[in-house]
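Raw contents of data02.cif, mmCIF, C-alpha atoms:
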```cif
data_start
#
loop_
_atom_site.group_PDB
_atom_site.id
_atom_site.type_symbol
_atom_site.label_atom_id
_atom_site.label_comp_id
_atom_site.auth_asym_id
_atom_site.auth_seq_id
_atom_site.Cartn_x
_atom_site.Cartn_y
_atom_site.Cartn_z
ATOM 1 C CA MET F 1 83.259 -70.116 54.863
ATOM 2 C CA LYS F 2 79.571 -70.629 55.546
ATOM 3 C CA ASN F 3 79.219 -67.008 56.854
ATOM 4 C CA LYS F 4 80.952 -65.630 53.743
ATOM 5 C CA LEU F 5 78.542 -67.578 51.532
ATOM 6 C CA ILE F 6 75.517 -66.189 53.417
ATOM 7 C CA ILE F 7 76.829 -62.582 53.076
ATOM 8 C CA LEU F 8 77.489 -63.118 49.354
ATOM 9 C CA ALA F 9 74.016 -64.597 48.805
ATOM 10 C CA THR F 10 72.433 -61.637 50.675
ATOM 11 C CA ILE F 11 74.340 -59.059 48.570
ATOM 12 C CA MET F 12 73.356 -60.817 45.320
ATOM 13 C CA ALA F 13 69.732 -61.091 46.367
ATOM 14 C CA ALA F 14 69.487 -57.414 47.459
ATOM 15 C CA PRO F 15 68.639 -55.901 44.027
ATOM 16 C CA VAL F 16 66.008 -58.604 43.516
ATOM 17 C CA LEU F 17 64.422 -57.841 46.877
ATOM 18 C CA ALA F 18 64.550 -54.093 46.216
ATOM 19 C CA THR F 19 62.504 -54.221 43.024
ATOM 20 C CA ALA F 20 58.852 -53.450 43.240
ATOM 21 C CA THR F 21 56.275 -53.187 40.490
ATOM 22 C CA THR F 22 54.545 -49.864 40.037
ATOM 23 C CA PRO F 23 51.813 -49.984 37.448
ATOM 24 C CA ILE F 24 51.209 -46.989 35.207
ATOM 25 C CA SER F 25 47.835 -46.804 33.620
ATOM 26 C CA GLY F 26 46.513 -44.355 31.103
ATOM 27 C CA SER F 27 43.976 -43.937 28.385
ATOM 28 C CA VAL F 28 43.918 -42.087 25.114
ATOM 29 C CA ALA F 29 40.663 -40.203 24.647
ATOM 30 C CA SER F 30 39.551 -38.817 21.343
ATOM 31 C CA LYS F 31 39.997 -35.070 21.218
ATOM 32 C CA CYS F 32 40.779 -32.278 18.821
ATOM 33 C CA VAL F 33 43.272 -29.598 19.756
ATOM 34 C CA VAL F 34 43.264 -26.277 17.899
ATOM 35 C CA VAL F 35 46.651 -24.591 18.016
ATOM 36 C CA THR F 36 47.236 -21.066 16.719
ATOM 37 C CA ASP F 37 50.663 -21.564 15.204
ATOM 38 C CA THR F 38 51.179 -18.200 13.477
ATOM 39 C CA ASP F 39 49.064 -15.062 13.727
ATOM 40 C CA GLY F 40 48.473 -13.467 10.349
ATOM 41 C CA VAL F 41 49.446 -9.992 9.209
ATOM 42 C CA TYR F 42 47.874 -8.034 6.383
ATOM 43 C CA GLY F 43 50.319 -6.664 3.856
ATOM 44 C CA ASN F 44 49.384 -3.522 1.952
ATOM 45 C CA PRO F 45 50.990 -3.942 -1.508
ATOM 46 C CA SER F 46 48.852 -1.143 -2.961
ATOM 47 C CA ALA F 47 46.499 1.463 -1.525
ATOM 48 C CA THR F 48 43.485 -0.586 -2.649
ATOM 49 C CA LYS F 49 44.469 -4.001 -1.279
ATOM 50 C CA LEU F 50 45.118 -5.774 2.031
ATOM 51 C CA SER F 51 46.425 -9.322 1.762
ATOM 52 C CA THR F 52 47.998 -11.980 3.981
ATOM 53 C CA SER F 53 49.946 -13.390 1.029
ATOM 54 C CA ALA F 54 53.734 -13.339 1.441
ATOM 55 C CA SER F 55 54.126 -11.881 -2.060
ATOM 56 C CA ASP F 56 51.998 -8.934 -0.908
ATOM 57 C CA GLY F 57 54.118 -8.417 2.198
ATOM 58 C CA GLY F 58 51.698 -10.195 4.533
ATOM 59 C CA VAL F 59 51.969 -13.216 6.808
ATOM 60 C CA LEU F 60 49.624 -16.179 6.368
ATOM 61 C CA PRO F 61 47.867 -17.235 9.577
ATOM 62 C CA ILE F 62 48.731 -20.881 10.263
ATOM 63 C CA ILE F 63 46.492 -23.094 12.388
ATOM 64 C CA ARG F 64 47.553 -26.536 13.592
ATOM 65 C CA TYR F 65 45.056 -29.252 14.397
ATOM 66 C CA ASP F 66 46.176 -32.175 16.559
ATOM 67 C CA ILE F 67 43.979 -35.164 15.817
ATOM 68 C CA ILE F 68 44.114 -37.920 18.430
ATOM 69 C CA THR F 69 41.505 -40.216 16.878
ATOM 70 C CA ALA F 70 40.848 -40.408 13.136
ATOM 71 C CA SER F 71 37.368 -39.638 11.801
ATOM 72 C CA ALA F 72 36.079 -38.129 15.056
ATOM 73 C CA TYR F 73 36.080 -34.448 14.027
ATOM 74 C CA ASN F 74 35.699 -32.087 11.077
ATOM 75 C CA ALA F 75 37.889 -29.011 10.871
ATOM 76 C CA ARG F 76 36.029 -25.903 9.789
ATOM 77 C CA ILE F 77 37.985 -22.744 9.009
ATOM 78 C CA THR F 78 36.194 -19.508 8.200
ATOM 79 C CA THR F 79 38.007 -16.601 6.587
ATOM 80 C CA PRO F 80 36.915 -13.049 7.479
ATOM 81 C CA ILE F 81 34.219 -11.097 5.618
ATOM 82 C CA SER F 82 34.425 -8.004 7.799
ATOM 83 C CA PHE F 83 36.963 -6.100 9.855
ATOM 84 C CA THR F 84 36.685 -6.279 13.625
ATOM 85 C CA SER F 85 38.333 -2.861 13.789
ATOM 86 C CA SER F 86 39.165 -0.398 11.053
ATOM 87 C CA PRO F 87 38.857 3.268 10.192
ATOM 88 C CA SER F 88 35.433 4.352 8.911
ATOM 89 C CA LEU F 89 34.612 2.506 5.667
ATOM 90 C CA GLU F 90 31.181 3.926 4.997
ATOM 91 C CA GLY F 91 32.133 5.196 1.555
ATOM 92 C CA ASP F 92 32.089 1.836 -0.232
ATOM 93 C CA VAL F 93 31.909 -1.954 0.158
ATOM 94 C CA VAL F 94 34.866 -4.200 0.983
ATOM 95 C CA ASN F 95 35.281 -7.209 -1.314
ATOM 96 C CA TRP F 96 36.658 -10.265 0.460
ATOM 97 C CA THR F 97 38.318 -13.426 -0.840
ATOM 98 C CA GLY F 98 39.918 -16.189 1.192
ATOM 99 C CA SER F 99 40.978 -19.796 1.085
ATOM 100 C CA THR F 100 42.381 -22.502 3.353
ATOM 101 C CA VAL F 101 44.826 -25.273 2.424
ATOM 102 C CA ALA F 102 46.363 -28.125 4.431
ATOM 103 C CA ASN F 103 50.022 -27.319 3.791
ATOM 104 C CA GLN F 104 52.158 -29.302 6.229
ATOM 105 C CA MET F 105 51.196 -32.668 7.680
ATOM 106 C CA SER F 106 52.646 -35.348 9.924
ATOM 107 C CA ASP F 107 51.327 -38.145 7.674
ATOM 108 C CA ALA F 108 51.463 -38.138 3.878
ATOM 109 C CA SER F 109 47.959 -39.616 3.679
ATOM 110 C CA MET F 110 46.644 -36.335 5.139
ATOM 111 C CA SER F 111 46.907 -34.866 1.624
ATOM 112 C CA ALA F 112 43.410 -36.364 1.259
ATOM 113 C CA PHE F 113 42.196 -33.496 3.480
ATOM 114 C CA ASN F 114 42.610 -31.117 0.529
ATOM 115 C CA THR F 115 40.833 -33.386 -1.947
ATOM 116 C CA ASP F 116 37.959 -34.062 0.477
ATOM 117 C CA LYS F 117 37.600 -30.365 1.352
ATOM 118 C CA ILE F 118 34.126 -28.840 1.088
ATOM 119 C CA VAL F 119 33.928 -25.096 0.501
ATOM 120 C CA TYR F 120 30.800 -23.048 1.134
ATOM 121 C CA ASN F 121 30.425 -19.304 1.587
ATOM 122 C CA ASN F 122 33.728 -18.268 3.200
ATOM 123 C CA THR F 123 34.174 -21.578 5.069
ATOM 124 C CA SER F 124 36.359 -24.600 4.231
ATOM 125 C CA GLU F 125 35.465 -27.891 5.928
ATOM 126 C CA PHE F 126 37.921 -30.782 6.139
ATOM 127 C CA PRO F 127 36.979 -34.263 7.429
ATOM 128 C CA LEU F 128 39.889 -35.158 9.755
ATOM 129 C CA SER F 129 40.083 -38.774 8.626
ATOM 130 C CA VAL F 130 43.737 -39.406 9.618
ATOM 131 C CA ALA F 131 45.258 -39.067 13.116
ATOM 132 C CA GLY F 132 48.255 -36.775 13.569
ATOM 133 C CA SER F 133 49.002 -33.080 13.180
ATOM 134 C CA VAL F 134 48.110 -30.902 10.235
ATOM 135 C CA TRP F 135 48.928 -27.244 9.561
ATOM 136 C CA PHE F 136 46.387 -25.171 7.623
ATOM 137 C CA ASP F 137 47.472 -22.016 5.783
ATOM 138 C CA VAL F 138 44.726 -19.411 5.632
ATOM 139 C CA SER F 139 44.815 -16.647 3.053
ATOM 140 C CA SER F 140 42.632 -13.572 3.166
ATOM 141 C CA GLU F 141 42.410 -10.601 0.826
ATOM 142 C CA ALA F 142 40.333 -7.437 0.955
ATOM 143 C CA THR F 143 39.863 -4.753 -1.689
ATOM 144 C CA TYR F 144 37.899 -1.570 -1.223
ATOM 145 C CA GLY F 145 35.218 -0.586 -3.722
ATOM 146 C CA TYR F 146 36.449 -0.288 -7.300
ATOM 147 C CA ASN F 147 40.138 0.600 -7.143
ATOM 148 C CA LYS F 148 39.499 2.772 -4.110
ATOM 149 C CA ALA F 149 42.244 3.439 -1.557
ATOM 150 C CA PHE F 150 41.754 2.148 1.974
ATOM 151 C CA PRO F 151 41.744 4.991 4.502
ATOM 152 C CA ALA F 152 44.890 5.156 6.643
ATOM 153 C CA GLY F 153 44.671 3.383 9.996
ATOM 154 C CA SER F 154 44.944 -0.069 11.528
ATOM 155 C CA TYR F 155 42.807 -2.994 10.401
ATOM 156 C CA SER F 156 41.969 -6.246 12.228
ATOM 157 C CA ALA F 157 39.998 -9.281 11.122
ATOM 158 C CA VAL F 158 39.252 -12.649 12.709
ATOM 159 C CA VAL F 159 39.802 -16.141 11.285
ATOM 160 C CA THR F 160 37.613 -18.748 13.002
ATOM 161 C CA ALA F 161 39.027 -22.259 13.431
ATOM 162 C CA GLU F 162 36.517 -24.880 14.545
ATOM 163 C CA CYS F 163 36.571 -28.539 15.447
ATOM 164 C CA ILE F 164 33.154 -30.179 15.122
ATOM 165 C CA ALA F 165 32.632 -33.720 16.445
ATOM 166 C CA GLN F 166 31.316 -36.099 13.747
ATOM 167 C CA MET E 167 75.305 -21.353 14.629
ATOM 168 C CA ARG E 168 74.143 -24.930 15.226
ATOM 169 C CA LEU E 169 73.884 -24.131 18.929
ATOM 170 C CA LEU E 170 71.676 -21.123 18.150
ATOM 171 C CA ILE E 171 69.313 -23.239 16.022
ATOM 172 C CA ILE E 172 69.067 -25.869 18.790
ATOM 173 C CA LEU E 173 68.434 -23.115 21.352
ATOM 174 C CA ALA E 174 65.692 -21.608 19.169
ATOM 175 C CA LEU E 175 64.061 -25.024 18.747
ATOM 176 C CA VAL E 176 64.196 -25.725 22.478
ATOM 177 C CA LEU E 177 62.732 -22.311 23.337
ATOM 178 C CA ASN E 178 59.987 -22.609 20.726
ATOM 179 C CA GLY E 179 59.216 -26.150 21.808
ATOM 180 C CA GLY E 180 57.931 -24.861 25.115
ATOM 181 C CA TYR E 181 55.462 -22.493 23.494
ATOM 182 C CA ALA E 182 51.965 -23.753 23.094
ATOM 183 C CA SER E 183 48.867 -21.934 22.004
ATOM 184 C CA ALA E 184 46.068 -24.428 22.086
ATOM 185 C CA HIS E 185 42.427 -24.806 22.979
ATOM 186 C CA GLN E 186 41.062 -28.141 24.193
ATOM 187 C CA TRP E 187 37.458 -29.133 24.970
ATOM 188 C CA THR E 188 36.721 -32.659 26.131
ATOM 189 C CA PRO E 189 35.103 -35.192 26.092
ATOM 190 C CA THR E 190 34.307 -35.533 22.400
ATOM 191 C CA TYR E 191 31.073 -37.401 23.047
ATOM 192 C CA PRO E 192 29.541 -36.296 26.383
ATOM 193 C CA LYS E 193 26.556 -38.129 27.837
ATOM 194 C CA LEU E 194 23.706 -36.369 29.616
ATOM 195 C CA LYS E 195 22.825 -37.773 33.037
ATOM 196 C CA PRO E 196 19.954 -36.879 35.379
ATOM 197 C CA SER E 197 21.053 -34.137 37.778
ATOM 198 C CA HIS E 198 20.043 -33.603 41.429
ATOM 199 C CA ILE E 199 17.090 -31.518 40.135
ATOM 200 C CA VAL E 200 14.154 -33.529 38.796
ATOM 201 C CA GLY E 201 13.669 -33.025 35.051
ATOM 202 C CA VAL E 202 17.106 -31.505 34.525
ATOM 203 C CA TYR E 203 19.995 -33.312 32.852
ATOM 204 C CA THR E 204 23.662 -32.502 33.185
ATOM 205 C CA THR E 205 27.096 -33.281 31.850
ATOM 206 C CA LYS E 206 30.613 -32.195 32.749
ATOM 207 C CA MET E 207 32.982 -30.724 30.181
ATOM 208 C CA GLU E 208 36.632 -29.813 30.568
ATOM 209 C CA LEU E 209 38.243 -26.759 29.034
ATOM 210 C CA PHE E 210 42.001 -26.312 28.770
ATOM 211 C CA ASN E 211 43.416 -22.957 27.723
ATOM 212 C CA ALA E 212 46.933 -22.871 26.345
ATOM 213 C CA ARG E 213 46.315 -19.711 24.345
ATOM 214 C CA ARG E 214 48.290 -16.956 26.026
ATOM 215 C CA GLU E 215 46.332 -14.162 24.279
ATOM 216 C CA ILE E 216 42.908 -15.557 25.275
ATOM 217 C CA SER E 217 41.403 -15.287 28.781
ATOM 218 C CA TYR E 218 37.693 -15.777 28.137
ATOM 219 C CA TYR E 219 35.676 -18.599 26.589
ATOM 220 C CA SER E 220 31.930 -18.858 25.999
ATOM 221 C CA VAL E 221 29.900 -22.054 26.187
ATOM 222 C CA GLY E 222 26.972 -22.758 23.879
ATOM 223 C CA VAL E 223 24.531 -25.593 23.220
ATOM 224 C CA PHE E 224 23.133 -26.087 19.701
ATOM 225 C CA ASP E 225 20.731 -28.384 17.882
ATOM 226 C CA LYS E 226 21.628 -30.281 14.700
ATOM 227 C CA ASP E 227 20.822 -27.180 12.587
ATOM 228 C CA TRP E 228 23.105 -25.003 14.750
ATOM 229 C CA LYS E 229 20.205 -23.182 16.397
ATOM 230 C CA LYS E 230 20.771 -22.214 20.028
ATOM 231 C CA VAL E 231 19.288 -24.491 22.688
ATOM 232 C CA PRO E 232 18.529 -23.002 26.143
ATOM 233 C CA PHE E 233 20.848 -24.277 28.856
ATOM 234 C CA ALA E 234 22.347 -23.298 32.185
ATOM 235 C CA SER E 235 26.005 -23.434 33.042
ATOM 236 C CA THR E 236 28.394 -22.443 35.782
ATOM 237 C CA PRO E 237 28.939 -19.782 34.286
ATOM 238 C CA SER E 238 28.432 -19.552 30.487
ATOM 239 C CA LEU E 239 31.279 -17.044 30.085
ATOM 240 C CA LEU E 240 34.421 -18.439 31.609
ATOM 241 C CA LYS E 241 37.576 -16.689 32.646
ATOM 242 C CA VAL E 242 40.333 -19.224 32.148
ATOM 243 C CA GLY E 243 43.950 -18.330 32.765
ATOM 244 C CA TYR E 244 46.826 -19.385 30.532
ATOM 245 C CA LEU E 245 47.577 -23.120 30.966
ATOM 246 C CA ASP E 246 44.553 -23.409 33.232
ATOM 247 C CA LYS E 247 41.861 -26.078 33.225
ATOM 248 C CA ARG E 248 38.179 -25.566 34.059
ATOM 249 C CA ILE E 249 35.398 -28.061 34.611
ATOM 250 C CA VAL E 250 32.121 -26.778 33.188
ATOM 251 C CA GLU E 251 28.781 -28.234 34.233
ATOM 252 C CA VAL E 252 26.088 -27.879 31.591
ATOM 253 C CA TYR E 253 22.428 -28.281 32.609
ATOM 254 C CA LEU E 254 19.581 -28.943 30.169
ATOM 255 C CA HIS E 255 15.849 -29.195 30.765
ATOM 256 C CA LYS E 256 14.342 -32.569 29.840
ATOM 257 C CA ASN E 257 12.338 -30.834 27.060
ATOM 258 C CA HIS E 258 15.608 -29.813 25.388
ATOM 259 C CA LYS E 259 17.531 -33.014 26.085
ATOM 260 C CA ASN E 260 16.746 -34.692 22.777
ATOM 261 C CA LYS E 261 17.031 -31.455 20.828
ATOM 262 C CA ALA E 262 20.566 -30.624 21.997
ATOM 263 C CA HIS E 263 23.207 -31.932 19.621
ATOM 264 C CA TYR E 264 26.421 -30.014 20.239
ATOM 265 C CA ILE E 265 28.109 -28.436 23.260
ATOM 266 C CA CYS E 266 30.689 -25.896 22.153
ATOM 267 C CA SER E 267 33.329 -23.655 23.668
ATOM 268 C CA LYS E 268 34.544 -20.589 21.794
ATOM 269 C CA SER E 269 37.424 -18.249 22.503
ATOM 270 C CA LYS E 270 36.393 -14.639 23.089
ATOM 271 C CA ILE E 271 38.603 -11.838 21.889
ATOM 272 C CA LEU E 272 38.596 -8.584 23.837
ATOM 273 C CA SER E 273 37.751 -5.482 21.831
ATOM 274 C CA SER E 274 40.981 -3.962 23.084
ATOM 275 C CA VAL E 275 43.002 -6.549 21.092
ATOM 276 C CA ARG E 276 44.257 -4.856 17.943
ATOM 277 C CA ASP E 277 46.262 -7.628 16.259
ATOM 278 C CA PRO E 278 46.065 -7.411 12.460
ATOM 279 C CA SER E 279 44.657 -10.923 12.122
ATOM 280 C CA ILE E 280 43.314 -12.816 15.110
ATOM 281 C CA ILE E 281 42.318 -16.467 15.254
ATOM 282 C CA ALA E 282 39.148 -17.433 17.110
ATOM 283 C CA SER E 283 38.879 -21.109 18.024
ATOM 284 C CA ARG E 284 35.705 -23.090 18.616
ATOM 285 C CA ILE E 285 35.466 -26.785 19.548
ATOM 286 C CA CYS E 286 32.153 -28.617 19.565
ATOM 287 C CA SER E 287 31.490 -31.949 21.238
ATOM 288 C CA LYS E 288 28.592 -34.102 20.123
ATOM 289 C CA ILE E 289 26.060 -35.317 22.699
ATOM 290 C CA LYS E 290 25.602 -39.089 22.545
#
```

Take the structure from the file and write it as structure tokens.
Amino acid sequence: MKNKLIILATIMAAPVLATATTPISGSVASKCVVVTDTDGVYGNPSATKLSTSASDGGVLPIIRYDIITASAYNARITTPISFTSSPSLEGDVVNWTGSTVANQMSDASMSAFNTDKIVYNNTSEFPLSVAGSVWFDVSSEATYGYNKAFPAGSYSAVVTAECIAQ
Amino acid sequence: MRLLIILALVLNGGYASAHQWTPTYPKLKPSHIVGVYTTKMELFNARREISYYSVGVFDKDWKKVPFASTPSLLKVGYLDKRIVEVYLHKNHKNKAHYICSKSKILSSVRDPSIIASRICSKIK
């Protein structure tokens, strides 16, 4: 009887004896992550216009910012004012327009990004005052001279997405 | 159909295309060379289409500040991490405000619209 009790006590104690504590430590550092969600495509709705707008047959470039700590960074997005590659455009000037809007967000309070936006030249600056993820839609449009047709060929332009520590 | 949507979500979930540059607020410390200060930065490349990044140091008005780095143009593979040591002369220590990394796009890339990313940390 005594032996059976000892065996039973040993079996019951086994899981208790087997447990060990393993600490996991970690830290969350402030950082800004720039994610290129969707590469843009210029649509060519007419011979005189290139546009990333969906209604013009283009695709809007979408850039996601992951904000770990609120109010640590400003997002700065610059729309193109020149082509990085194109056929020869020496005949006339290219007129550029562009804009950036925070479209999707992980926190409703991020809508403040659009109201606090500062626009200068072809750059939009957003103070990233709320932590989370935000998706910026960038639109870009180019017209050539006055109602002049773009020469045939392929065109590329660069959108610059920046994260500047505050 | 539902299975296809789940499969698409799972496959897309694994795709990342990000640029990371840490720490946010680096501190300059005296290096092993007298009169030269240094700090270590970490670059993480999760942009499949980008292999090169440049490093730059700027003052508060975004004017370039002379610096030395190992090297200033980095080849960083996809999902690779690089430690970058930035060295500044003591004369430029108080002038330097930002340390930035910028993705470099090869001239051979002919995408219709390319996104360049730049992240700037602020020296404390």

Closest atom pairs, residues of chain F within 9 Å of chain E, all atoms listed in the file, as a tab-separated table:
```
residue	atom	partner	partner_atom	distance
F:Ala29	CA	E:Pro189	CA	7.6
F:Ser30	CA	E:Thr190	CA	6.3
F:Lys31	CA	E:Thr190	CA	5.8
F:Cys32	CA	E:Gln186	CA	6.8
F:Val33	CA	E:Gln186	CA	5.2
F:Val34	CA	E:His185	CA	5.4
F:Val35	CA	E:Ala184	CA	4.1
F:Thr36	CA	E:Ser183	CA	5.6
F:Asp37	CA	E:Ser183	CA	7.0
F:Asp39	CA	E:Ser279	CA	6.3
F:Gly40	CA	E:Ser279	CA	4.9
F:Val41	CA	E:Pro278	CA	5.4
F:Tyr42	CA	E:Pro278	CA	6.4
F:Thr52	CA	E:Ser279	CA	8.9
F:Pro61	CA	E:Ser279	CA	7.5
F:Ile63	CA	E:Ile281	CA	8.3
F:Arg64	CA	E:Ala184	CA	8.9
F:Ala72	CA	E:Thr190	CA	8.0
F:Tyr73	CA	E:Thr190	CA	8.6
F:Thr84	CA	E:Ser273	CA	8.3
F:Ser85	CA	E:Arg276	CA	7.5
F:Ser154	CA	E:Pro278	CA	7.5
F:Tyr155	CA	E:Pro278	CA	5.9
F:Ser156	CA	E:Pro278	CA	4.3
F:Ala157	CA	E:Ser279	CA	5.0
F:Val158	CA	E:Ile280	CA	4.7
F:Val159	CA	E:Ile281	CA	4.7
F:Thr160	CA	E:Ala282	CA	4.6
F:Ala161	CA	E:Ser283	CA	4.7
F:Glu162	CA	E:Arg284	CA	4.5
F:Cys163	CA	E:Ile285	CA	4.6
F:Ile164	CA	E:Cys286	CA	4.8
F:Ala165	CA	E:Ser287	CA	5.2
F:Gln166	CA	E:Lys288	CA	7.2
```

Just want the 6 Å neighbourhood of segment 95-100 of chain F, counted on only C-alpha atoms, with same-chain residues fewer than 4 positions away dropped. Output as a count of residues only. 9

Two-atom distance - atom CA of Pro232 of chain E, atom CA of Thr204 of chain E (Å):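 Interatomic distance, atom CA of Pro232 of chain E to atom CA of Thr204 of chain E: 12.9 Å.
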
I'd like the box whose edges run along x, y and z of the file and which contains every listed atom of segment 249-260 of chain E, padded by 3 Å per side; could you state its centre and edge lengths in Å, one decimal, as JSON?
```
{"center_x": 23.9, "center_y": -30.7, "center_z": 28.7, "size_x": 29.1, "size_y": 13.9, "size_z": 17.8}
```

If you count all atoms listed in the file, which residues fall within 12 Å of Tyr146 of chain F, apart from same-chain ones fewer than 5 positions away, as a list of chain:residue names?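 Everything that qualifies: F:Ala47, F:Thr48, F:Lys49, F:Gly91, F:Asp92, F:Val93, F:Val94, F:Asn95.
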
Got a sec: who's within 12 Å of Ala152 of chain F, counting all atoms listed in the file, leaving out chain neighbours fewer than 6 positions off, as a PyMOL selection string? chain F and resi 44+47-48+50+86-89

Residues within 9 Å of (16.7, -32.4, 33.1), counting all atoms listed in the file, listed as an NGL selection string: :E and (194-197 or 199-204 or 253-259)

Ile118 of chain F surroundings by all atoms listed in the file, 12 Å radius, close-in-sequence under 5 positions cut, as a PyMOL selection string: chain F and resi 74-78+99-101+112-113+123-127

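Counting from atom CA of Val252 of chain E, the distance to atom CA of Asp227 of chain E is 19.7 Å.
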
Report as JSON, numbers by chain the residues that result from applying the PyMOL selection byres ((chain F and resi 67) around 7) to the structure here. {"F": [31, 32, 33, 65, 66, 68, 69, 70, 131, 132, 133]}

What is the distance between atom CA of Gly222 of chain E and atom CA of Lys290 of chain E, in Å to one decimal?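 Atom-to-atom, atom CA of Gly222 of chain E to atom CA of Lys290 of chain E, that is 16.4 Å.
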
So, with all atoms listed in the file as the atoms that count, which of E:Met207, E:Ala262, E:Leu272, E:Ile216 lies closest to Ser235 of chain E?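 Going through E:Met207, E:Ala262, E:Leu272, E:Ile216 one by one, the smallest distance to Ser235 of chain E is for E:Met207.
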
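Shortest atom-to-atom contact with Met110 of chain F among F:Ser55, F:Glu90, F:Thr38, F:Val134: F:Val134, counting only C-alpha atoms.
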
Name the closest residue to Val250 of chain E among the candidates E:Trp228, E:Glu215, E:His198, E:Ser238; distances are taken between atoms, counting only C-alpha atoms.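 Ranking E:Trp228, E:Glu215, E:His198, E:Ser238 by distance to Val250 of chain E, first place goes to E:Ser238.
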